[in-house]
Amino acid sequence: MIQRLSQLTVLSFLAVNALGAGLNSSLAGTPILVRMENFTVTPSTGPVTHVRVRNTSAETRTVTIQPQFPDGWRWTPKQRSITLEAHQLKRVPFAIEKATDVKANQYPVEILVKTDADRTVLQQTVVCASAPYFKPKIDGRFKDWSDAIPVSFSTGTRKTVVSTYWNPKHFCIYVQVEEDKLTGYKKDQAVADAVQFALAPGQAVTGATASAPAQRYEFLLVKGAGMFAKDRCFCLIKAGTELGITQQARPLEPLAFNEAQVVVKRKGKITHYECTIPWAAMPSIRADVGREISLSFLIHDPDGTGVRDWGQATGFWAEQRNELAWCRLGARAGSKDIPFDSKVEWGLCSSKH
């Protein structure tokens, strides 16, 4: 008997909290966790995509993974069988031979997972998470972003859309946050509305102890409060810094990152964040066409939806909540408030076409 579980990721218009309950459970009570990674180039270019499979038990397990992509697509192989040792994680590759890009940037897939005990079909929607090559003007007009590849997700009834570009000198990000109101940042006061994002090399990992070195660069974007206040970027952590600093209460002013260009504007019910970060400030990340990196983000809307977590929206498992993955801003009520890991796959491509 095949059980079908709803495992929707980004671009579904359901509440992220509702998604989490289905996304973060094992398969029909088995110790196997499965998630398809986002595409890091457009599907029509023939990418190799990966399915992450983890055995959470203390016993060796054999698993067969059989994906089903949209109608008209071709891929190879049709299925793969793997053996997982106790607590082992593997990335299982599948090559896309023929595919079609869609403007909505959402691609429904099914993953048939077979073990000795059962057969389960997971339904998931993946996206192309990639930054095309371009140099936008950071001017608050946002006209330069039409050739980006936006990804979006919803928290309650509020939508977040994220677009990215890259060029030899900068990584560029544009975030649209639907929210009831925008509260700006004042010096020495708690941050209200903000975009927190982290960049890292592809396949970087978050250490398990406070003394482990960070492998990411983490930034915070805020709107300056007051008529003449500047929009701000803060660098919260750099690669090589001990992770224990993520849990410390620190004033933001000493962390000001003036090398960034930032514009934050409010239009209607949408707050627009536009920013460029120089690659020179992130020396452990190489910027090349076809390079896979990690990008994740948290949207802070404390007087509305609370924290919106891209890691949760993209299907991370419950065990991937990690307090060392993000610098803490304010107090957390409990374990359910710990964000998911900050290592979501992203790509640097030449063009969306």
# chains A, B, ... in the order shown; residues from 1 in each chain; ligands from 1
$ residues_around --residues "Glu37 (chain A)" --least-positions-apart "2" --cutoff "7 Å" --atoms "only C-alpha atoms" --output "ChimeraX atom specification"
/A:35,39,49-51
$ write_last_selection --atoms "N, CA and C atoms" --output "PDB file, in the first residue's frame"
ATOM      1  N   ARG A  35      14.573  14.325   1.310  1.00  0.00           N
ATOM      2  CA  ARG A  35      14.272  15.664   0.801  1.00  0.00           C
ATOM      3  C   ARG A  35      15.011  15.863  -0.516  1.00  0.00           C
ATOM      4  N   PHE A  39      17.000  23.015  -7.378  1.00  0.00           N
ATOM      5  CA  PHE A  39      17.895  23.140  -8.527  1.00  0.00           C
ATOM      6  C   PHE A  39      18.772  24.377  -8.331  1.00  0.00           C
ATOM      7  N   THR A  49      20.496  16.873 -10.154  1.00  0.00           N
ATOM      8  CA  THR A  49      19.836  17.198  -8.909  1.00  0.00           C
ATOM      9  C   THR A  49      20.083  16.081  -7.907  1.00  0.00           C
ATOM     10  N   HIS A  50      19.922  16.374  -6.648  1.00  0.00           N
ATOM     11  CA  HIS A  50      20.220  15.405  -5.600  1.00  0.00           C
ATOM     12  C   HIS A  50      19.034  15.234  -4.657  1.00  0.00           C
ATOM     13  N   VAL A  51      18.855  14.008  -4.207  1.00  0.00           N
ATOM     14  CA  VAL A  51      17.896  13.693  -3.156  1.00  0.00           C
ATOM     15  C   VAL A  51      18.697  13.346  -1.903  1.00  0.00           C
TER      16      VAL A  51
END
$ select_by_dssp --residues "region 47-131 of chain A" --states "strand (DSSP E)" --output "PyMOL selection string"
chain A and resi 48-55+61-68+74-76+80-84+89-98+107-114+119-126+130-131
$ select_by_dssp --residues "region 135-345 of chain A" --states "helix (DSSP H, G or I)" --output "list in words"
Lys143, Asp144, Trp145, Ser146, Asp147, Leu243, Gly244, Ile245, Thr246, Gln247, Glu253, Pro254, Leu255, Trp279, Ala280, Ala281, Trp310, Gly311, Gln312, Ala313, Ala318, Glu319, Gln320, Glu323, Leu324, Ala325, Ser335, Lys336 and Asp337 of chain A
$ closest_residue --among "A:Cys233, A:Ala210, A:Ala192, A:Val344" --to "Leu295 (chain A)" --atoms "only C-alpha atoms"
A:Val344
$ residues_around --residues "Trp166 (chain A)" --least-positions-apart "4" --cutoff "8 Å" --atoms "only C-alpha atoms" --output "NGL selection string"
:A and (131-135 or 170-172 or 287 or 348)
$ write_last_selection --atoms "N, CA and C atoms" --output "PDB file, in the first residue's frame"
ATOM      1  N   ALA A 131      21.379  32.546  -8.615  1.00  0.00           N
ATOM      2  CA  ALA A 131      21.621  33.962  -8.886  1.00  0.00           C
ATOM      3  C   ALA A 131      22.207  34.120 -10.280  1.00  0.00           C
ATOM      4  N   PRO A 132      21.488  34.726 -11.226  1.00  0.00           N
ATOM      5  CA  PRO A 132      22.078  35.014 -12.544  1.00  0.00           C
ATOM      6  C   PRO A 132      23.160  36.098 -12.456  1.00  0.00           C
ATOM      7  N   TYR A 133      23.963  36.178 -13.502  1.00  0.00           N
ATOM      8  CA  TYR A 133      25.051  37.148 -13.590  1.00  0.00           C
ATOM      9  C   TYR A 133      24.489  38.503 -14.019  1.00  0.00           C
ATOM     10  N   PHE A 134      24.665  39.534 -13.179  1.00  0.00           N
ATOM     11  CA  PHE A 134      24.180  40.874 -13.518  1.00  0.00           C
ATOM     12  C   PHE A 134      24.661  41.846 -12.450  1.00  0.00           C
ATOM     13  N   LYS A 135      24.759  43.116 -12.809  1.00  0.00           N
ATOM     14  CA  LYS A 135      25.135  44.165 -11.866  1.00  0.00           C
ATOM     15  C   LYS A 135      23.997  45.173 -11.768  1.00  0.00           C
ATOM     16  N   HIS A 170      30.436  41.607  -6.546  1.00  0.00           N
ATOM     17  CA  HIS A 170      29.387  41.662  -5.532  1.00  0.00           C
ATOM     18  C   HIS A 170      28.405  40.496  -5.617  1.00  0.00           C
ATOM     19  N   PHE A 171      27.842  40.161  -4.444  1.00  0.00           N
ATOM     20  CA  PHE A 171      26.627  39.361  -4.367  1.00  0.00           C
ATOM     21  C   PHE A 171      25.495  40.333  -4.075  1.00  0.00           C
ATOM     22  N   CYS A 172      24.385  40.188  -4.804  1.00  0.00           N
ATOM     23  CA  CYS A 172      23.286  41.150  -4.728  1.00  0.00           C
ATOM     24  C   CYS A 172      22.001  40.427  -4.328  1.00  0.00           C
ATOM     25  N   ALA A 287      33.434  33.055  -6.425  1.00  0.00           N
ATOM     26  CA  ALA A 287      32.339  33.460  -7.307  1.00  0.00           C
ATOM     27  C   ALA A 287      32.678  33.076  -8.741  1.00  0.00           C
ATOM     28  N   LEU A 348      25.194  29.959  -8.575  1.00  0.00           N
ATOM     29  CA  LEU A 348      25.597  31.131  -9.342  1.00  0.00           C
ATOM     30  C   LEU A 348      25.587  30.723 -10.811  1.00  0.00           C
TER      31      LEU A 348
END
$ closest_residue --among "A:Val127, A:Pro47, A:Ala117, A:Ala239" --to "Pro31 (chain A)" --atoms "only C-alpha atoms"
A:Ala117
$ residues_around --residues "Ala194 (chain A)" --least-positions-apart "5" --cutoff "6 Å" --atoms "only C-alpha atoms" --output "PyMOL selection string"
chain A and resi 221-222+300
$ closest_residue --among "A:Asp71, A:Glu253, A:Glu274, A:Glu179" --to "Phe142 (chain A)" --atoms "only C-alpha atoms"
A:Glu274
$ closest_residue --among "A:Ala229, A:Leu89, A:Ala58, A:Ile149" --to "Lys352 (chain A)" --atoms "only C-alpha atoms"
A:Ile149
